[in-house]
Amino acid sequence: MDLFRLLSFGPDGWGDELLTGAFLTIRLALATLPFGLALGLLIAVARRSSSFLPRALGNVYSTVFRGLPELLTIFIVYFGGQILLRRIATFVGVTGDFEVNGFFAGMIALGVVFSAYSSEVFLGAFRNIPAGQYEAAQSLGLKRFTTFRLVIWPQLVRLSLPGLANLWLALLKDTSLVSVIAINDLLRMTSLAVRVTKEPFFFFGIACLLYLAMSIVSSVGISAIERWAGRGQRRTA
């Protein structure tokens, strides 16, 4: 019972700190998701381009950021961003100490990694859409953007969902890496509680349960989205 008192709210417990860290973890993942999806889709489109330059740049981007460890990418964005800001400030004649916001740096770093992997998912989905879909839209006189919006995009979403769902669950876990740049996420707050209370097994176990709860809720939501995306397919079948 003494251990569970450590989870109470207020100055004598760590419950509020752990929930605050969990909430920040969720916010970081939700902020990263649209950025990573949009960038990943752009990279996939570039890799399908008939022009050599965008195709080569897209392939290099995907290869580099899938090959680098996520932790190293976070360090590069966080510390490299500070160096870049200082040099820009020096160039324009502004003095002072500049520091990159940890949450923003974490979002950019995780989003870049997420986009590299999601581009592979989108690329595979594009390849599974028959060429006849494009030809039929062209024969109807649809413009390229209209074809993508009305014909390709609904199929792309349905085909990409399983892979993107796995990437989302991986993103939830990867948010724990931002604790190294002093962001008070769930893992950092858990580590603080462990150092103060000397109860590592208990608090890391609680953190495991919180991450598991977030994954379960995500899985339920993903299943609902997959049912919604595949409703027309079921009726056709």
# chains A, B, ... in the order shown; residues from 1 in each chain; ligands from 1
$ select_by_dssp --residues "range 79-136 of chain A" --states "alpha helix (DSSP H)" --output "PDB file with N, CA and C atoms, in the first residue's frame"
ATOM      1  N   PHE A  79      20.419  19.934 -31.506  1.00  0.00           N
ATOM      2  CA  PHE A  79      21.670  20.695 -31.381  1.00  0.00           C
ATOM      3  C   PHE A  79      22.037  21.403 -32.682  1.00  0.00           C
ATOM      4  N   GLY A  80      21.769  20.738 -33.805  1.00  0.00           N
ATOM      5  CA  GLY A  80      22.029  21.384 -35.080  1.00  0.00           C
ATOM      6  C   GLY A  80      21.145  22.595 -35.296  1.00  0.00           C
ATOM      7  N   GLY A  81      19.889  22.516 -34.803  1.00  0.00           N
ATOM      8  CA  GLY A  81      18.991  23.663 -34.913  1.00  0.00           C
ATOM      9  C   GLY A  81      19.499  24.860 -34.128  1.00  0.00           C
ATOM     10  N   GLN A  82      20.066  24.604 -32.957  1.00  0.00           N
ATOM     11  CA  GLN A  82      20.623  25.700 -32.169  1.00  0.00           C
ATOM     12  C   GLN A  82      21.810  26.346 -32.872  1.00  0.00           C
ATOM     13  N   ILE A  83      22.675  25.534 -33.444  1.00  0.00           N
ATOM     14  CA  ILE A  83      23.834  26.075 -34.169  1.00  0.00           C
ATOM     15  C   ILE A  83      23.361  26.907 -35.360  1.00  0.00           C
ATOM     16  N   LEU A  84      22.358  26.400 -36.070  1.00  0.00           N
ATOM     17  CA  LEU A  84      21.832  27.123 -37.227  1.00  0.00           C
ATOM     18  C   LEU A  84      21.235  28.461 -36.815  1.00  0.00           C
ATOM     19  N   LEU A  85      20.486  28.481 -35.712  1.00  0.00           N
ATOM     20  CA  LEU A  85      19.899  29.731 -35.245  1.00  0.00           C
ATOM     21  C   LEU A  85      20.974  30.751 -34.875  1.00  0.00           C
ATOM     22  N   ARG A  86      22.023  30.288 -34.204  1.00  0.00           N
ATOM     23  CA  ARG A  86      23.097  31.200 -33.815  1.00  0.00           C
ATOM     24  C   ARG A  86      23.795  31.796 -35.039  1.00  0.00           C
ATOM     25  N   ARG A  87      24.012  30.971 -36.044  1.00  0.00           N
ATOM     26  CA  ARG A  87      24.694  31.467 -37.239  1.00  0.00           C
ATOM     27  C   ARG A  87      23.814  32.447 -38.009  1.00  0.00           C
ATOM     28  N   ILE A  88      22.510  32.161 -38.061  1.00  0.00           N
ATOM     29  CA  ILE A  88      21.596  33.104 -38.717  1.00  0.00           C
ATOM     30  C   ILE A  88      21.563  34.417 -37.950  1.00  0.00           C
ATOM     31  N   ALA A  89      21.510  34.322 -36.603  1.00  0.00           N
ATOM     32  CA  ALA A  89      21.495  35.531 -35.780  1.00  0.00           C
ATOM     33  C   ALA A  89      22.775  36.341 -35.963  1.00  0.00           C
ATOM     34  N   THR A  90      23.897  35.647 -36.016  1.00  0.00           N
ATOM     35  CA  THR A  90      25.168  36.340 -36.232  1.00  0.00           C
ATOM     36  C   THR A  90      25.204  37.017 -37.596  1.00  0.00           C
ATOM     37  N   PHE A  91      24.654  36.349 -38.585  1.00  0.00           N
ATOM     38  CA  PHE A  91      24.647  36.890 -39.946  1.00  0.00           C
ATOM     39  C   PHE A  91      23.825  38.173 -40.046  1.00  0.00           C
ATOM     40  N   VAL A  92      22.687  38.209 -39.324  1.00  0.00           N
ATOM     41  CA  VAL A  92      21.822  39.402 -39.378  1.00  0.00           C
ATOM     42  C   VAL A  92      22.191  40.419 -38.307  1.00  0.00           C
ATOM     43  N   GLY A 102      12.379  22.214 -27.178  1.00  0.00           N
ATOM     44  CA  GLY A 102      12.534  20.763 -27.167  1.00  0.00           C
ATOM     45  C   GLY A 102      11.359  20.034 -27.792  1.00  0.00           C
ATOM     46  N   PHE A 103      10.140  20.504 -27.522  1.00  0.00           N
ATOM     47  CA  PHE A 103       8.950  19.860 -28.081  1.00  0.00           C
ATOM     48  C   PHE A 103       8.958  19.973 -29.601  1.00  0.00           C
ATOM     49  N   PHE A 104       9.271  21.163 -30.108  1.00  0.00           N
ATOM     50  CA  PHE A 104       9.299  21.377 -31.557  1.00  0.00           C
ATOM     51  C   PHE A 104      10.399  20.537 -32.205  1.00  0.00           C
ATOM     52  N   ALA A 105      11.581  20.492 -31.563  1.00  0.00           N
ATOM     53  CA  ALA A 105      12.678  19.701 -32.107  1.00  0.00           C
ATOM     54  C   ALA A 105      12.321  18.217 -32.132  1.00  0.00           C
ATOM     55  N   GLY A 106      11.679  17.737 -31.054  1.00  0.00           N
ATOM     56  CA  GLY A 106      11.256  16.347 -31.021  1.00  0.00           C
ATOM     57  C   GLY A 106      10.240  16.037 -32.095  1.00  0.00           C
ATOM     58  N   MET A 107       9.295  16.966 -32.312  1.00  0.00           N
ATOM     59  CA  MET A 107       8.273  16.766 -33.341  1.00  0.00           C
ATOM     60  C   MET A 107       8.904  16.687 -34.727  1.00  0.00           C
ATOM     61  N   ILE A 108       9.839  17.608 -35.017  1.00  0.00           N
ATOM     62  CA  ILE A 108      10.490  17.603 -36.326  1.00  0.00           C
ATOM     63  C   ILE A 108      11.306  16.333 -36.527  1.00  0.00           C
ATOM     64  N   ALA A 109      12.098  15.955 -35.522  1.00  0.00           N
ATOM     65  CA  ALA A 109      12.958  14.775 -35.656  1.00  0.00           C
ATOM     66  C   ALA A 109      12.132  13.493 -35.837  1.00  0.00           C
ATOM     67  N   LEU A 110      11.135  13.307 -34.983  1.00  0.00           N
ATOM     68  CA  LEU A 110      10.294  12.117 -35.102  1.00  0.00           C
ATOM     69  C   LEU A 110       9.473  12.150 -36.391  1.00  0.00           C
ATOM     70  N   GLY A 111       9.043  13.363 -36.792  1.00  0.00           N
ATOM     71  CA  GLY A 111       8.277  13.489 -38.027  1.00  0.00           C
ATOM     72  C   GLY A 111       9.095  13.145 -39.254  1.00  0.00           C
ATOM     73  N   VAL A 112      10.366  13.522 -39.250  1.00  0.00           N
ATOM     74  CA  VAL A 112      11.256  13.201 -40.364  1.00  0.00           C
ATOM     75  C   VAL A 112      11.440  11.690 -40.477  1.00  0.00           C
ATOM     76  N   VAL A 113      11.668  11.037 -39.346  1.00  0.00           N
ATOM     77  CA  VAL A 113      11.828   9.578 -39.363  1.00  0.00           C
ATOM     78  C   VAL A 113      10.518   8.911 -39.785  1.00  0.00           C
ATOM     79  N   PHE A 114       9.401   9.380 -39.221  1.00  0.00           N
ATOM     80  CA  PHE A 114       8.090   8.817 -39.560  1.00  0.00           C
ATOM     81  C   PHE A 114       7.812   8.969 -41.051  1.00  0.00           C
ATOM     82  N   SER A 115       8.166  10.133 -41.615  1.00  0.00           N
ATOM     83  CA  SER A 115       7.887  10.378 -43.034  1.00  0.00           C
ATOM     84  C   SER A 115       8.703   9.444 -43.924  1.00  0.00           C
ATOM     85  N   ALA A 116       9.935   9.132 -43.514  1.00  0.00           N
ATOM     86  CA  ALA A 116      10.762   8.226 -44.316  1.00  0.00           C
ATOM     87  C   ALA A 116      10.127   6.843 -44.399  1.00  0.00           C
ATOM     88  N   TYR A 117       9.616   6.366 -43.274  1.00  0.00           N
ATOM     89  CA  TYR A 117       8.968   5.052 -43.275  1.00  0.00           C
ATOM     90  C   TYR A 117       7.589   5.098 -43.932  1.00  0.00           C
ATOM     91  N   SER A 118       6.836   6.161 -43.676  1.00  0.00           N
ATOM     92  CA  SER A 118       5.500   6.249 -44.265  1.00  0.00           C
ATOM     93  C   SER A 118       5.574   6.400 -45.780  1.00  0.00           C
ATOM     94  N   SER A 119       6.663   6.988 -46.297  1.00  0.00           N
ATOM     95  CA  SER A 119       6.802   7.091 -47.755  1.00  0.00           C
ATOM     96  C   SER A 119       6.867   5.701 -48.382  1.00  0.00           C
ATOM     97  N   GLU A 120       7.492   4.758 -47.675  1.00  0.00           N
ATOM     98  CA  GLU A 120       7.537   3.382 -48.167  1.00  0.00           C
ATOM     99  C   GLU A 120       6.137   2.768 -48.197  1.00  0.00           C
ATOM    100  N   VAL A 121       5.348   3.061 -47.164  1.00  0.00           N
ATOM    101  CA  VAL A 121       3.979   2.544 -47.106  1.00  0.00           C
ATOM    102  C   VAL A 121       3.148   3.134 -48.238  1.00  0.00           C
ATOM    103  N   PHE A 122       3.229   4.450 -48.427  1.00  0.00           N
ATOM    104  CA  PHE A 122       2.475   5.103 -49.495  1.00  0.00           C
ATOM    105  C   PHE A 122       2.923   4.598 -50.866  1.00  0.00           C
ATOM    106  N   LEU A 123       4.232   4.400 -51.022  1.00  0.00           N
ATOM    107  CA  LEU A 123       4.751   3.934 -52.304  1.00  0.00           C
ATOM    108  C   LEU A 123       4.212   2.545 -52.632  1.00  0.00           C
ATOM    109  N   GLY A 124       4.173   1.674 -51.620  1.00  0.00           N
ATOM    110  CA  GLY A 124       3.598   0.348 -51.839  1.00  0.00           C
ATOM    111  C   GLY A 124       2.122   0.413 -52.176  1.00  0.00           C
ATOM    112  N   ALA A 125       1.388   1.337 -51.530  1.00  0.00           N
ATOM    113  CA  ALA A 125      -0.035   1.497 -51.821  1.00  0.00           C
ATOM    114  C   ALA A 125      -0.246   2.009 -53.245  1.00  0.00           C
ATOM    115  N   PHE A 126       0.576   2.967 -53.679  1.00  0.00           N
ATOM    116  CA  PHE A 126       0.480   3.473 -55.053  1.00  0.00           C
ATOM    117  C   PHE A 126       0.660   2.343 -56.060  1.00  0.00           C
ATOM    118  N   ARG A 127       1.615   1.465 -55.787  1.00  0.00           N
ATOM    119  CA  ARG A 127       1.901   0.383 -56.727  1.00  0.00           C
ATOM    120  C   ARG A 127       0.772  -0.640 -56.788  1.00  0.00           C
ATOM    121  N   ALA A 131      -3.160   0.586 -62.974  1.00  0.00           N
ATOM    122  CA  ALA A 131      -2.970   1.703 -63.905  1.00  0.00           C
ATOM    123  C   ALA A 131      -4.271   2.062 -64.604  1.00  0.00           C
ATOM    124  N   GLY A 132      -5.192   1.099 -64.708  1.00  0.00           N
ATOM    125  CA  GLY A 132      -6.473   1.377 -65.347  1.00  0.00           C
ATOM    126  C   GLY A 132      -7.285   2.447 -64.634  1.00  0.00           C
ATOM    127  N   GLN A 133      -7.053   2.612 -63.328  1.00  0.00           N
ATOM    128  CA  GLN A 133      -7.753   3.652 -62.578  1.00  0.00           C
ATOM    129  C   GLN A 133      -7.394   5.035 -63.111  1.00  0.00           C
ATOM    130  N   TYR A 134      -6.105   5.238 -63.379  1.00  0.00           N
ATOM    131  CA  TYR A 134      -5.654   6.518 -63.921  1.00  0.00           C
ATOM    132  C   TYR A 134      -6.192   6.713 -65.347  1.00  0.00           C
ATOM    133  N   GLU A 135      -6.137   5.651 -66.139  1.00  0.00           N
ATOM    134  CA  GLU A 135      -6.587   5.747 -67.522  1.00  0.00           C
ATOM    135  C   GLU A 135      -8.075   6.024 -67.611  1.00  0.00           C
ATOM    136  N   ALA A 136      -8.862   5.389 -66.728  1.00  0.00           N
ATOM    137  CA  ALA A 136     -10.296   5.624 -66.737  1.00  0.00           C
ATOM    138  C   ALA A 136     -10.619   7.069 -66.353  1.00  0.00           C
TER     139      ALA A 136
END
$ residues_around --residues "Ala22 in chain A" --least-positions-apart "6" --cutoff "12 Å" --atoms "only C-alpha atoms" --output "number ranges by chain"
A: 15-16, 28-29, 172-173, 175-176, 183-190, 206-214
$ closest_residue --among "A:Arg227, A:Arg5, A:Val77, A:Gly205" --to "Glu99 in chain A" --atoms "only C-alpha atoms"
A:Val77
$ residues_around --residues "Pro69 in chain A" --least-positions-apart "2" --cutoff "12 Å" --atoms "only C-alpha atoms" --output "list in words"
Thr63, Val64, Phe65, Arg66, Gly67, Leu71, Leu72, Thr73, Ile74, Phe75, Ile76, Ala109, Leu110, Val112, Val113, Asp174 and Leu177 of chain A
$ closest_residue --among "A:Arg47, A:Pro200, A:Gly221, A:Trp153" --to "Ser62 in chain A" --atoms "only C-alpha atoms"
A:Arg47
$ closest_residue --among "A:Leu161, A:Ile26, A:Arg55, A:Ile152" --to "Val217 in chain A" --atoms "only C-alpha atoms"
A:Ile26
$ residues_around --residues "Val194 in chain A" --least-positions-apart "6" --cutoff "9 Å" --atoms "only C-alpha atoms" --output "PyMOL selection string"
chain A and resi 200-204
$ atom_distance --atom1 "CA of Val180 in chain A" --atom2 "CA of Glu70 in chain A"
11.7 Å
$ closest_residue --among "A:Ser51, A:Ser179, A:Thr147, A:Ser223" --to "Thr25 in chain A" --atoms "only C-alpha atoms"
A:Ser179
